[in-house]
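S.K.: My structure is stored as my_file_5.cif, with mmCIF, C-alpha atoms and all ligand atoms.
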```
data_upload
#
loop_
_atom_site.label_atom_id
_atom_site.label_comp_id
_atom_site.auth_asym_id
_atom_site.auth_seq_id
_atom_site.Cartn_x
_atom_site.Cartn_y
_atom_site.Cartn_z
CA MET M 1 11.93 43.96 -22.83
CA THR M 2 9.88 40.81 -22.41
CA ALA M 3 7.88 40.53 -19.23
CA SER M 4 8.57 37.38 -17.25
CA PRO M 5 5.53 35.10 -17.24
CA LEU M 6 3.29 35.20 -14.20
CA PRO M 7 3.97 32.27 -11.87
CA ILE M 8 1.37 29.54 -12.26
CA SER M 9 -0.78 29.09 -9.18
CA SER M 10 -0.91 25.54 -7.90
CA GLY M 11 -4.04 26.01 -5.78
CA TYR M 12 -1.90 25.23 -2.73
CA GLN M 13 -0.96 27.66 -0.04
CA CYS M 14 2.01 27.50 2.26
CA PRO M 15 1.09 25.73 5.52
CA LEU M 16 3.50 28.01 7.39
CA CYS M 17 2.62 31.51 6.11
CA GLU M 18 -0.47 30.92 3.87
CA ALA M 19 1.12 32.60 0.83
CA PRO M 20 0.49 30.85 -2.53
CA LEU M 21 2.79 27.90 -3.25
CA ILE M 22 4.29 28.06 -6.72
CA PRO M 23 5.70 24.99 -8.46
CA GLU M 24 9.27 25.35 -9.64
CA THR M 25 9.95 24.48 -13.28
CA ASN M 26 10.74 20.86 -12.42
CA ASN M 27 7.26 20.60 -10.78
CA LYS M 28 8.93 18.70 -7.95
CA THR M 29 9.38 21.56 -5.49
CA TYR M 30 6.79 24.09 -4.37
CA THR M 31 7.92 27.36 -2.86
CA CYS M 32 6.22 30.41 -1.35
CA ILE M 33 7.36 34.03 -1.48
CA LYS M 34 9.08 33.61 1.90
CA ARG M 35 11.11 30.71 0.46
CA HIS M 36 9.41 28.01 2.52
CA SER M 37 9.75 25.05 0.24
CA PHE M 38 8.20 21.60 -0.04
CA ASP M 39 9.46 18.69 -2.13
CA CYS M 40 7.29 16.10 -3.83
CA ALA M 41 7.82 12.59 -2.48
CA LYS M 42 8.86 9.95 -5.01
CA GLU M 43 5.24 8.73 -5.15
CA GLY M 44 4.26 12.21 -6.34
CA TYR M 45 2.50 13.67 -3.29
CA LEU M 46 3.33 16.76 -1.26
CA ASN M 47 3.60 16.70 2.51
CA LEU M 48 2.02 19.99 3.67
CA LEU M 49 1.61 18.97 7.31
CA PRO M 50 4.39 20.70 9.24
CA VAL M 51 5.65 18.89 12.35
CA GLN M 52 4.40 21.73 14.53
CA HIS M 53 0.81 21.06 13.29
CA LYS M 54 0.96 17.37 14.20
CA HIS M 55 -0.64 16.20 17.43
CA SER M 56 1.03 12.80 17.24
CA LYS M 57 3.98 11.24 15.44
CA GLU M 58 1.89 9.42 12.82
CA PRO M 59 -1.58 11.02 12.83
CA GLY M 60 -4.57 9.46 11.07
CA ASP M 61 -5.14 5.89 10.03
CA ASN M 62 -2.19 3.56 10.54
CA LYS M 63 -0.82 1.04 8.06
CA VAL M 64 -2.87 -1.88 9.42
CA MET M 65 -6.15 0.05 9.00
CA LEU M 66 -5.07 1.29 5.62
CA ASP M 67 -4.16 -2.15 4.26
CA ALA M 68 -7.45 -3.52 5.60
CA ARG M 69 -9.48 -0.75 3.93
CA ARG M 70 -7.71 -1.27 0.64
CA LEU M 71 -8.20 -5.05 0.70
CA PHE M 72 -11.91 -4.65 1.44
CA LEU M 73 -12.65 -1.77 -0.95
CA GLU M 74 -10.75 -3.31 -3.86
CA ASP M 75 -13.20 -6.21 -3.72
CA SER M 76 -15.91 -3.76 -4.88
CA PHE M 77 -18.24 -4.11 -1.88
CA TYR M 78 -18.76 -0.34 -1.82
CA GLU M 79 -18.88 0.14 -5.58
CA PRO M 80 -22.65 0.88 -5.54
CA LEU M 81 -21.84 3.77 -3.21
CA ALA M 82 -19.07 5.01 -5.50
CA LYS M 83 -21.49 4.86 -8.44
CA ALA M 84 -24.12 6.84 -6.52
CA ILE M 85 -21.55 9.52 -5.70
CA ALA M 86 -20.45 9.74 -9.36
CA LEU M 87 -24.06 9.99 -10.51
CA ILE M 88 -24.65 13.03 -8.31
CA ILE M 89 -21.39 14.66 -9.41
CA ASN M 90 -22.19 14.02 -13.07
CA ALA M 91 -25.48 15.87 -12.61
CA ILE M 92 -23.75 18.99 -11.22
CA GLN M 93 -23.13 21.61 -13.88
CA VAL M 94 -19.68 23.10 -13.54
CA PRO M 95 -19.26 26.27 -15.66
CA ASN M 96 -17.26 26.01 -18.86
CA ARG M 97 -13.83 25.36 -17.37
CA VAL M 98 -11.97 22.62 -15.54
CA GLY M 99 -13.80 21.81 -12.30
CA HIS M 100 -11.78 21.22 -9.15
CA ILE M 101 -12.96 18.33 -6.98
CA LEU M 102 -11.49 17.47 -3.57
CA ASP M 103 -11.80 14.04 -1.94
CA LEU M 104 -11.49 15.20 1.67
CA GLY M 105 -9.89 12.68 4.06
CA CYS M 106 -9.46 10.46 1.01
CA GLY M 107 -7.67 7.61 2.79
CA GLU M 108 -5.93 5.36 0.29
CA GLY M 109 -7.85 7.01 -2.55
CA TYR M 110 -10.48 4.42 -3.48
CA TYR M 111 -13.16 7.03 -4.19
CA THR M 112 -10.69 9.40 -5.89
CA ARG M 113 -9.88 6.61 -8.35
CA LYS M 114 -13.56 5.80 -8.79
CA LEU M 115 -14.35 9.45 -9.54
CA ALA M 116 -11.71 9.47 -12.28
CA GLU M 117 -13.22 6.29 -13.72
CA LEU M 118 -16.92 7.12 -13.39
CA CYS M 119 -17.23 10.85 -13.93
CA GLN M 120 -18.43 11.49 -17.48
CA SER M 121 -16.25 14.42 -18.28
CA SER M 122 -13.13 13.25 -16.45
CA SER M 123 -11.01 15.39 -18.81
CA GLN M 124 -12.94 18.43 -17.59
CA ILE M 125 -12.26 17.80 -13.91
CA LYS M 126 -9.13 17.94 -11.85
CA LEU M 127 -9.07 15.68 -8.81
CA TYR M 128 -7.39 16.43 -5.48
CA GLY M 129 -7.13 14.41 -2.28
CA ASN M 130 -5.92 15.14 1.23
CA ASP M 131 -5.49 13.02 4.32
CA ILE M 132 -3.64 13.47 7.57
CA SER M 133 -2.18 9.96 7.27
CA LYS M 134 1.07 9.79 5.34
CA PHE M 135 0.63 6.03 4.82
CA ALA M 136 -2.75 6.68 3.20
CA ILE M 137 -1.54 9.46 0.90
CA SER M 138 1.57 7.58 -0.13
CA ALA M 139 -0.60 4.60 -1.15
CA ALA M 140 -3.14 6.83 -2.96
CA ALA M 141 -0.46 8.71 -4.91
CA LYS M 142 1.28 5.50 -5.93
CA LYS M 143 -1.95 4.20 -7.50
CA GLN M 144 -3.25 7.33 -9.22
CA LYS M 145 -1.10 9.75 -11.13
CA THR M 146 -4.06 11.77 -12.46
CA ALA M 147 -4.94 13.22 -9.05
CA GLN M 148 -2.98 15.55 -6.79
CA PHE M 149 -2.54 14.23 -3.27
CA ILE M 150 -1.28 15.99 -0.17
CA VAL M 151 -0.71 15.09 3.46
CA ALA M 152 -2.68 17.76 5.30
CA SER M 153 -5.23 18.12 8.06
CA SER M 154 -8.81 18.90 7.09
CA ASN M 155 -8.88 21.30 10.05
CA LYS M 156 -6.33 23.55 8.35
CA LEU M 157 -6.34 22.98 4.63
CA PRO M 158 -3.42 24.35 2.60
CA TYR M 159 -5.57 25.21 -0.42
CA GLU M 160 -6.32 28.69 -1.73
CA SER M 161 -9.70 30.17 -0.87
CA ASN M 162 -12.56 29.71 -3.41
CA PHE M 163 -10.64 26.97 -5.21
CA PHE M 164 -13.00 23.99 -5.27
CA ASP M 165 -16.26 23.41 -7.13
CA ILE M 166 -17.07 20.22 -5.22
CA VAL M 167 -15.81 18.65 -1.99
CA VAL M 168 -16.59 14.97 -1.41
CA ARG M 169 -16.34 13.72 2.17
CA VAL M 170 -16.75 9.98 2.73
CA PHE M 171 -16.64 8.89 6.38
CA ALA M 172 -14.06 11.53 7.20
CA PRO M 173 -13.89 14.48 9.60
CA SER M 174 -14.13 18.10 8.45
CA ASP M 175 -14.21 21.67 9.65
CA ALA M 176 -17.15 23.74 8.33
CA THR M 177 -15.20 27.04 8.32
CA GLU M 178 -12.43 25.52 6.22
CA LEU M 179 -14.95 23.91 3.86
CA LEU M 180 -16.64 27.26 3.26
CA ARG M 181 -13.29 28.96 2.69
CA ILE M 182 -11.94 26.51 0.09
CA LEU M 183 -15.24 26.12 -1.78
CA LYS M 184 -16.30 28.55 -4.46
CA THR M 185 -19.45 30.57 -3.85
CA SER M 186 -22.27 28.14 -4.60
CA GLY M 187 -19.79 25.23 -4.51
CA TYR M 188 -21.09 21.82 -3.44
CA LEU M 189 -20.36 19.55 -0.50
CA LEU M 190 -21.27 15.88 -0.86
CA THR M 191 -21.07 13.83 2.34
CA VAL M 192 -21.40 10.12 3.06
CA THR M 193 -22.26 9.19 6.64
CA PRO M 194 -23.36 5.88 8.15
CA GLY M 195 -27.07 5.08 7.99
CA PRO M 196 -28.97 3.61 10.97
CA ARG M 197 -28.18 -0.04 10.16
CA HIS M 198 -24.70 0.26 8.75
CA LEU M 199 -22.74 -2.97 9.45
CA TRP M 200 -25.44 -4.04 11.90
CA GLN M 201 -24.48 -7.74 11.93
CA ILE M 202 -20.86 -6.93 12.80
CA LYS M 203 -21.96 -4.67 15.63
CA GLU M 204 -24.27 -7.40 16.94
CA HIS M 205 -21.20 -9.54 17.56
CA ILE M 206 -19.35 -6.82 19.41
CA TYR M 207 -21.86 -4.91 21.52
CA THR M 208 -24.37 -6.35 23.97
CA GLU M 209 -26.85 -3.63 22.98
CA VAL M 210 -26.61 -2.37 19.39
CA LYS M 211 -27.68 1.23 18.83
CA GLU M 212 -28.88 2.70 15.54
CA HIS M 213 -27.04 5.72 14.17
CA THR M 214 -29.18 8.85 13.98
CA GLU M 215 -30.23 9.08 10.36
CA ALA M 216 -30.02 12.74 9.40
CA ALA M 217 -26.66 14.14 8.34
CA GLU M 218 -25.89 17.30 10.26
CA ILE M 219 -26.07 20.47 8.14
CA PRO M 220 -22.70 22.21 8.43
CA ASP M 221 -22.85 25.94 9.25
CA GLY M 222 -23.11 28.08 6.11
CA PHE M 223 -24.56 25.32 3.89
CA ILE M 224 -28.04 24.43 2.78
CA GLN M 225 -29.09 20.87 2.13
CA LEU M 226 -30.20 20.12 -1.44
CA SER M 227 -30.87 16.38 -1.30
CA SER M 228 -30.33 13.30 0.78
CA GLN M 229 -30.63 9.66 -0.15
CA ARG M 230 -30.22 6.41 1.72
CA ILE M 231 -28.38 3.58 0.01
CA SER M 232 -28.58 0.19 1.67
CA TYR M 233 -27.79 -3.29 0.45
CA LYS M 234 -26.43 -6.57 1.76
CA ILE M 235 -22.95 -7.99 1.32
CA SER M 236 -21.48 -11.42 2.08
CA PRO M 237 -17.74 -11.02 2.54
CA ASN M 238 -15.58 -14.12 3.12
CA ALA M 239 -13.59 -14.60 6.33
CA GLU M 240 -10.56 -12.60 5.16
CA GLN M 241 -12.75 -9.76 3.86
CA ARG M 242 -14.77 -9.74 7.12
CA THR M 243 -11.56 -9.40 9.12
CA ALA M 244 -10.48 -6.51 6.89
CA LEU M 245 -13.90 -4.86 7.24
CA LEU M 246 -13.71 -5.03 11.02
CA GLN M 247 -10.13 -3.76 11.00
CA MET M 248 -11.01 -0.66 8.98
CA THR M 249 -13.82 0.43 11.32
CA PRO M 250 -13.67 2.04 14.76
CA PHE M 251 -15.41 -1.11 16.12
CA ALA M 252 -12.07 -2.91 15.86
CA TRP M 253 -11.03 -1.16 19.10
CA SER M 254 -13.99 -2.67 20.97
CA ALA M 255 -13.66 -6.21 19.61
CA SER M 256 -11.81 -8.76 21.75
CA GLU M 257 -9.52 -11.31 20.15
CA GLU M 258 -12.19 -13.91 20.93
CA ILE M 259 -14.84 -11.99 18.97
CA LYS M 260 -12.45 -11.44 16.07
CA ALA M 261 -11.70 -15.18 15.95
CA LYS M 262 -15.42 -16.01 16.09
CA LEU M 263 -16.23 -13.64 13.21
CA ASN M 264 -13.39 -15.13 11.22
CA ALA M 265 -14.47 -18.72 11.82
CA MET M 266 -18.07 -18.28 10.60
CA ASP M 267 -18.90 -20.02 7.32
CA GLU M 268 -21.09 -17.17 6.16
CA LEU M 269 -22.30 -13.83 7.39
CA THR M 270 -24.61 -11.50 5.50
CA ILE M 271 -24.04 -7.91 6.53
CA GLU M 272 -26.19 -4.84 5.91
CA THR M 273 -24.53 -1.72 4.54
CA ASP M 274 -26.38 1.55 5.02
CA PHE M 275 -25.13 4.91 3.75
CA ILE M 276 -26.62 8.40 3.80
CA VAL M 277 -25.46 10.46 0.83
CA THR M 278 -26.22 14.15 1.24
CA LEU M 279 -25.63 17.07 -1.07
CA PHE M 280 -25.20 20.59 0.32
CA VAL M 281 -24.49 23.92 -1.35
CA ASN M 282 -22.36 26.73 0.00
CA ASN M 283 -24.81 29.42 1.06
CA SER M 284 -22.34 31.95 2.45
CA ASP M 285 -21.54 35.30 0.80
C1 LIG M 301 -12.85 6.16 7.81
S1 LIG M 301 -11.45 6.74 6.91
C2 LIG M 301 -12.19 7.14 5.34
C3 LIG M 301 -11.20 7.21 4.23
C4 LIG M 301 -11.81 7.36 2.82
N1 LIG M 301 -12.62 8.54 2.72
C5 LIG M 301 -12.61 6.12 2.48
O1 LIG M 301 -13.83 6.13 2.70
O2 LIG M 301 -12.01 5.16 2.00
C6 LIG M 301 -11.16 8.32 7.65
C7 LIG M 301 -9.91 8.99 7.12
O3 LIG M 301 -9.81 10.30 7.69
C8 LIG M 301 -8.44 10.55 7.95
N2 LIG M 301 -8.39 11.64 8.95
C9 LIG M 301 -8.63 11.59 10.29
N3 LIG M 301 -8.49 12.83 10.83
C10 LIG M 301 -8.16 13.67 9.80
C11 LIG M 301 -7.89 15.07 9.72
N4 LIG M 301 -7.93 15.86 10.79
N5 LIG M 301 -7.57 15.58 8.53
C12 LIG M 301 -7.53 14.81 7.41
N6 LIG M 301 -7.77 13.48 7.43
C13 LIG M 301 -8.10 12.92 8.62
C14 LIG M 301 -7.88 9.22 8.40
O4 LIG M 301 -6.48 9.15 8.28
C15 LIG M 301 -8.61 8.26 7.44
O5 LIG M 301 -7.89 8.03 6.26
ZN ZN M 302 5.52 30.27 3.42
#
```
Using structure tokens, write down the structure that the file contains.
Ligand SMILES: C[S@@+](CC[C@H](N)C(=O)[O-])C[C@H]1O[C@@H](n2cnc3c(N)ncnc32)[C@H](O)[C@@H]1O
Ligand SMILES: [Zn+2]
M.R.:
Amino acid sequence: MTASPLPISSGYQCPLCEAPLIPETNNKTYTCIKRHSFDCAKEGYLNLLPVQHKHSKEPGDNKVMLDARRLFLEDSFYEPLAKAIALIINAIQVPNRVGHILDLGCGEGYYTRKLAELCQSSSQIKLYGNDISKFAISAAAKKQKTAQFIVASSNKLPYESNFFDIVVRVFAPSDATELLRILKTSGYLLTVTPGPRHLWQIKEHIYTEVKEHTEAAEIPDGFIQLSSQRISYKISPNAEQRTALLQMTPFAWSASEEIKAKLNAMDELTIETDFIVTLFVNNSD
């Protein structure tokens, strides 16, 4: 008698009962032992955000914000940041096996694509991305077939425990307990948060009194900080790119139509970018 092969773990767990999700032979449907099943969308992503876990109809960034972010990022303004992230990841030694990297709150997947392009041993890493916005994940999955994208909240991640070697979090929310659970022991967390003068010249147009961000990135419970670096440089986006930049930030809510028109009409505006890139290691047992 031949034993049937063990089902291959996908790294995903069922968002309804937390049992492992196993891909069926067509790789298009994932099912748990209780027969909860999830189909891949035509773009190749899985939606693991059940309706009962949604707090609104379309949570996360909407299509306008998403299109704006894509337009701006595709013009390479944040490429120096992407390169700095890749440099840190390239210096991390993952044991002799495929390393799992998660781009948490990945949006439309700009940094996930950059990681695939810039990480030295891209054949030795497997990239994953999650976001609560279906628009964002659909766009990310359409552009990158080498990464596995899911619609899921970072507050309740449908990944198996101890699955990831590295989690990258760029301007996105997270839950420290979930991060500790999905990371391997001694796994790494790399965060990007705004530095004190990030987009200062845009803020000057919007707020009567501009406040600096506090510089230090908060150390999430259970982690220890290994390094932190500040990356700042100036950019000169054109009118269309400036509008997109404003649209993709939370400042867009505070900007009147008059301010938006004024920013758009300027011949030139040099804007400071300012990022804090921090590396932490999982220090829990
Ligand atoms: C500022 S954007 C950053 C996106 C991407 N990391 C980037 O830098 O291009 C924040 C992202 O977090 C997502 N988001 C907000 N709340 C979330 C949650 N609870 N779980 C997962 N993603 C969330 C939004 O949909 C959005 O795509
Ligand atoms: Zn289930």
S.K.: Which polymer residues have any atom within 6 Å of an atom of region 158-168 of chain M, counting all atoms listed in the file, with same-chain residues fewer than 2 positions away left out, as a ChimeraX atom specification?
M.R.: /M:11-13,15,99-104,181-184,187-191
S.K.: Dump C-alpha atoms for the selected residues as a PDB file, in the frame of the given file?
M.R.:
```
ATOM      1  CA  GLY M  11      -4.040  26.010  -5.780  1.00  0.00           C
ATOM      2  CA  TYR M  12      -1.900  25.230  -2.730  1.00  0.00           C
ATOM      3  CA  GLN M  13      -0.960  27.660  -0.040  1.00  0.00           C
ATOM      4  CA  PRO M  15       1.090  25.730   5.520  1.00  0.00           C
ATOM      5  CA  GLY M  99     -13.800  21.810 -12.300  1.00  0.00           C
ATOM      6  CA  HIS M 100     -11.780  21.220  -9.150  1.00  0.00           C
ATOM      7  CA  ILE M 101     -12.960  18.330  -6.980  1.00  0.00           C
ATOM      8  CA  LEU M 102     -11.490  17.470  -3.570  1.00  0.00           C
ATOM      9  CA  ASP M 103     -11.800  14.040  -1.940  1.00  0.00           C
ATOM     10  CA  LEU M 104     -11.490  15.200   1.670  1.00  0.00           C
ATOM     11  CA  ARG M 181     -13.290  28.960   2.690  1.00  0.00           C
ATOM     12  CA  ILE M 182     -11.940  26.510   0.090  1.00  0.00           C
ATOM     13  CA  LEU M 183     -15.240  26.120  -1.780  1.00  0.00           C
ATOM     14  CA  LYS M 184     -16.300  28.550  -4.460  1.00  0.00           C
ATOM     15  CA  GLY M 187     -19.790  25.230  -4.510  1.00  0.00           C
ATOM     16  CA  TYR M 188     -21.090  21.820  -3.440  1.00  0.00           C
ATOM     17  CA  LEU M 189     -20.360  19.550  -0.500  1.00  0.00           C
ATOM     18  CA  LEU M 190     -21.270  15.880  -0.860  1.00  0.00           C
ATOM     19  CA  THR M 191     -21.070  13.830   2.340  1.00  0.00           C
TER      20      THR M 191
END
```
S.K.: Quick one: everything within 12 Å of Glu257 (chain M), counting only C-alpha atoms, minus sequence neighbours fewer than 5 positions away in the same chain. Send it as a PyMOL selection string.
M.R.: chain M and resi 206+243+246-247+252+262-264
S.K.: Could you give me the residues within 10 Å of ligand LIG 301 (chain M), counting all atoms listed in the file, as a PyMOL selection string?
M.R.: chain M and resi 49+54-55+58-63+65-66+69-70+72-73+78+82+103-112+129-137+150-157+168-175+191-193+248-250
S.K.: Around ligand ZN 302 (chain M), out to 7 Å and counting only C-alpha atoms and all ligand atoms, which residues are there? I want them as a short mmCIF file (atom, residue, chain, number, x, y, z; two decimals) with C-alpha atoms, in the frame of the given file.
M.R.:
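Writing the result to out.cif gives the following:
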```cif
data_model
loop_
_atom_site.label_atom_id
_atom_site.label_comp_id
_atom_site.auth_asym_id
_atom_site.auth_seq_id
_atom_site.Cartn_x
_atom_site.Cartn_y
_atom_site.Cartn_z
CA CYS M 14 2.01 27.50 2.26
CA PRO M 15 1.09 25.73 5.52
CA LEU M 16 3.50 28.01 7.39
CA CYS M 17 2.62 31.51 6.11
CA GLU M 18 -0.47 30.92 3.87
CA ALA M 19 1.12 32.60 0.83
CA CYS M 32 6.22 30.41 -1.35
CA ILE M 33 7.36 34.03 -1.48
CA LYS M 34 9.08 33.61 1.90
CA ARG M 35 11.11 30.71 0.46
CA HIS M 36 9.41 28.01 2.52
#
```
S.K.: Report as a tab-separated table: every residue of region 20-88 of chain M with an atom at most 12 Å from region 120-126 of chain M, its closest pair of atoms, and their distance in Å to one decimal, counting all atoms listed in the file, with rows sorted by chain and ascending residue number.
M.R.:
```
residue	atom	partner	partner_atom	distance
M:Lys83	CA	M:Gln120	CA	11.6
M:Ala86	CA	M:Gln120	CA	8.5
M:Leu87	CA	M:Gln120	CA	9.1
M:Ile88	CA	M:Gln120	CA	11.2
```
S.K.: Point out the residue among M:Ala244, M:Thr185, M:Tyr207, M:Ile276 with the least atom-to-atom distance to Ser228 (chain M), counting only C-alpha atoms.
M.R.: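 The answer is M:Ile276, which sits nearest to Ser228 (chain M).
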S.K.: Just give me the gap between CA of Lys211 (chain M) and CA of Pro196 (chain M) in Å, one decimal is fine.
M.R.: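 If I compute the distance from CA of Lys211 (chain M) to CA of Pro196 (chain M), I get 8.3 Å.
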S.K.: Can you work out the spacing between CA of Thr146 (chain M) and CA of Val98 (chain M) in Å, to one decimal?
M.R.: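 So the two atoms, CA of Thr146 (chain M) and CA of Val98 (chain M), lie 13.8 Å apart.
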S.K.: First collect every listed atom of region 150-160 of chain M; then fit an axis-aligned box around them, widen it by 8 Å on each side, and give centre and edge lengths in Å to one decimal, as JSON.
M.R.:
```
{"center_x": -4.8, "center_y": 21.9, "center_z": 4.2, "size_x": 24.2, "size_y": 29.6, "size_z": 27.8}
```
S.K.: May I ask which of the residues M:Tyr233, M:Tyr30, M:Tyr45, M:Phe251 is the closest one to Phe149 (chain M), counting all atoms listed in the file?
M.R.: M:Tyr45
S.K.: Which polymer residues, whether protein, DNA or RNA, lie within 9 Å of the coordinate (-27.4, -0.4, 4.8) when you count all atoms listed in the file? List them as a list in words, using the chain letters and numbers from the file.
M.R.: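 Residues lying no farther than 9 Å from the given point: Pro194, Gly195, Pro196, Arg197, His198, Leu199, Trp200, Arg230, Ile231, Ser232, Tyr233, Lys234, Ile271, Glu272, Thr273, Asp274, Phe275 and Ile276 of chain M.
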S.K.: Tell me which protein, DNA and RNA residues are within 9 Å of Lys145 (chain M), counting all atoms listed in the file, leaving out same-chain ones fewer than 5 positions away, and put them as a list in words.
M.R.: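 Counting all atoms listed in the file, the residues come to Glu43, Gly44 and Ala140 of chain M.
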S.K.: Identify which of the residues M:Leu180, M:Cys40, M:Leu21, M:Val64 lies closest to Pro220 (chain M), counting only C-alpha atoms when measuring atom-to-atom distances.
M.R.: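 Going through M:Leu180, M:Cys40, M:Leu21, M:Val64 one by one, the smallest distance to Pro220 (chain M) is for M:Leu180.
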S.K.: By how many Å are CA of Asp267 (chain M) and CA of Lys203 (chain M) apart?
M.R.: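 Here the two named atoms are 17.7 Å from each other.
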S.K.: My list of candidates is M:Glu204, M:Glu79, M:Glu240, M:Asp67. Which is closest to Lys114 (chain M) when distances are computed with only C-alpha atoms?
M.R.: M:Glu79
S.K.: Can you pull out every residue within 7 Å of Gly222 (chain M), counting all atoms listed in the file, but drop anything in the same chain fewer than 6 positions away, and send it as a list in words?
M.R.: Asn282, Asn283 and Ser284 of chain M
S.K.: Atoms are missing here; could region 236-242 of chain M be completed with all heavy atoms and written as an mmCIF file, in the coordinates of the input?
M.R.:
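Generated file (result.cif):
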```
data_model
loop_
_atom_site.group_PDB
_atom_site.id
_atom_site.type_symbol
_atom_site.label_atom_id
_atom_site.label_comp_id
_atom_site.auth_asym_id
_atom_site.auth_seq_id
_atom_site.Cartn_x
_atom_site.Cartn_y
_atom_site.Cartn_z
ATOM 1 N N SER M 236 -21.878 -10.169 1.414
ATOM 2 C CA SER M 236 -21.480 -11.420 2.080
ATOM 3 C C SER M 236 -19.973 -11.633 1.919
ATOM 4 O O SER M 236 -19.537 -12.472 1.128
ATOM 5 C CB SER M 236 -22.224 -12.623 1.470
ATOM 6 O OG SER M 236 -23.600 -12.451 1.633
ATOM 7 N N PRO M 237 -19.190 -10.865 2.668
ATOM 8 C CA PRO M 237 -17.740 -11.020 2.540
ATOM 9 C C PRO M 237 -17.257 -12.356 3.106
ATOM 10 O O PRO M 237 -17.882 -12.891 4.025
ATOM 11 C CB PRO M 237 -17.179 -9.855 3.364
ATOM 12 C CG PRO M 237 -18.290 -9.401 4.243
ATOM 13 C CD PRO M 237 -19.579 -9.831 3.636
ATOM 14 N N ASN M 238 -16.155 -12.893 2.559
ATOM 15 C CA ASN M 238 -15.580 -14.120 3.120
ATOM 16 C C ASN M 238 -14.815 -13.783 4.406
ATOM 17 O O ASN M 238 -14.767 -12.608 4.810
ATOM 18 C CB ASN M 238 -14.713 -14.846 2.071
ATOM 19 C CG ASN M 238 -13.486 -14.024 1.682
ATOM 20 O OD1 ASN M 238 -12.995 -13.202 2.454
ATOM 21 N ND2 ASN M 238 -12.985 -14.251 0.485
ATOM 22 N N ALA M 239 -14.217 -14.805 5.012
ATOM 23 C CA ALA M 239 -13.590 -14.600 6.330
ATOM 24 C C ALA M 239 -12.497 -13.519 6.280
ATOM 25 O O ALA M 239 -12.447 -12.637 7.145
ATOM 26 C CB ALA M 239 -13.012 -15.917 6.828
ATOM 27 N N GLU M 240 -11.656 -13.571 5.253
ATOM 28 C CA GLU M 240 -10.560 -12.600 5.160
ATOM 29 C C GLU M 240 -11.116 -11.181 4.975
ATOM 30 O O GLU M 240 -10.672 -10.207 5.590
ATOM 31 C CB GLU M 240 -9.667 -12.977 3.967
ATOM 32 C CG GLU M 240 -8.396 -12.160 3.909
ATOM 33 C CD GLU M 240 -7.654 -12.298 2.569
ATOM 34 O OE1 GLU M 240 -8.237 -12.817 1.594
ATOM 35 O OE2 GLU M 240 -6.508 -11.863 2.506
ATOM 36 N N GLN M 241 -12.145 -11.083 4.128
ATOM 37 C CA GLN M 241 -12.750 -9.760 3.860
ATOM 38 C C GLN M 241 -13.476 -9.235 5.105
ATOM 39 O O GLN M 241 -13.467 -8.033 5.370
ATOM 40 C CB GLN M 241 -13.721 -9.884 2.683
ATOM 41 C CG GLN M 241 -13.020 -10.200 1.367
ATOM 42 C CD GLN M 241 -13.943 -10.814 0.333
ATOM 43 O OE1 GLN M 241 -14.989 -11.390 0.665
ATOM 44 N NE2 GLN M 241 -13.566 -10.701 -0.931
ATOM 45 N N ARG M 242 -14.078 -10.150 5.877
ATOM 46 C CA ARG M 242 -14.770 -9.740 7.120
ATOM 47 C C ARG M 242 -13.756 -9.192 8.125
ATOM 48 O O ARG M 242 -13.997 -8.185 8.783
ATOM 49 C CB ARG M 242 -15.464 -10.952 7.752
ATOM 50 C CG ARG M 242 -16.814 -11.245 7.175
ATOM 51 C CD ARG M 242 -17.608 -12.127 8.122
ATOM 52 N NE ARG M 242 -17.021 -13.405 8.428
ATOM 53 C CZ ARG M 242 -17.217 -14.539 7.750
ATOM 54 N NH1 ARG M 242 -17.981 -14.549 6.686
ATOM 55 N NH2 ARG M 242 -16.670 -15.667 8.139
#
```
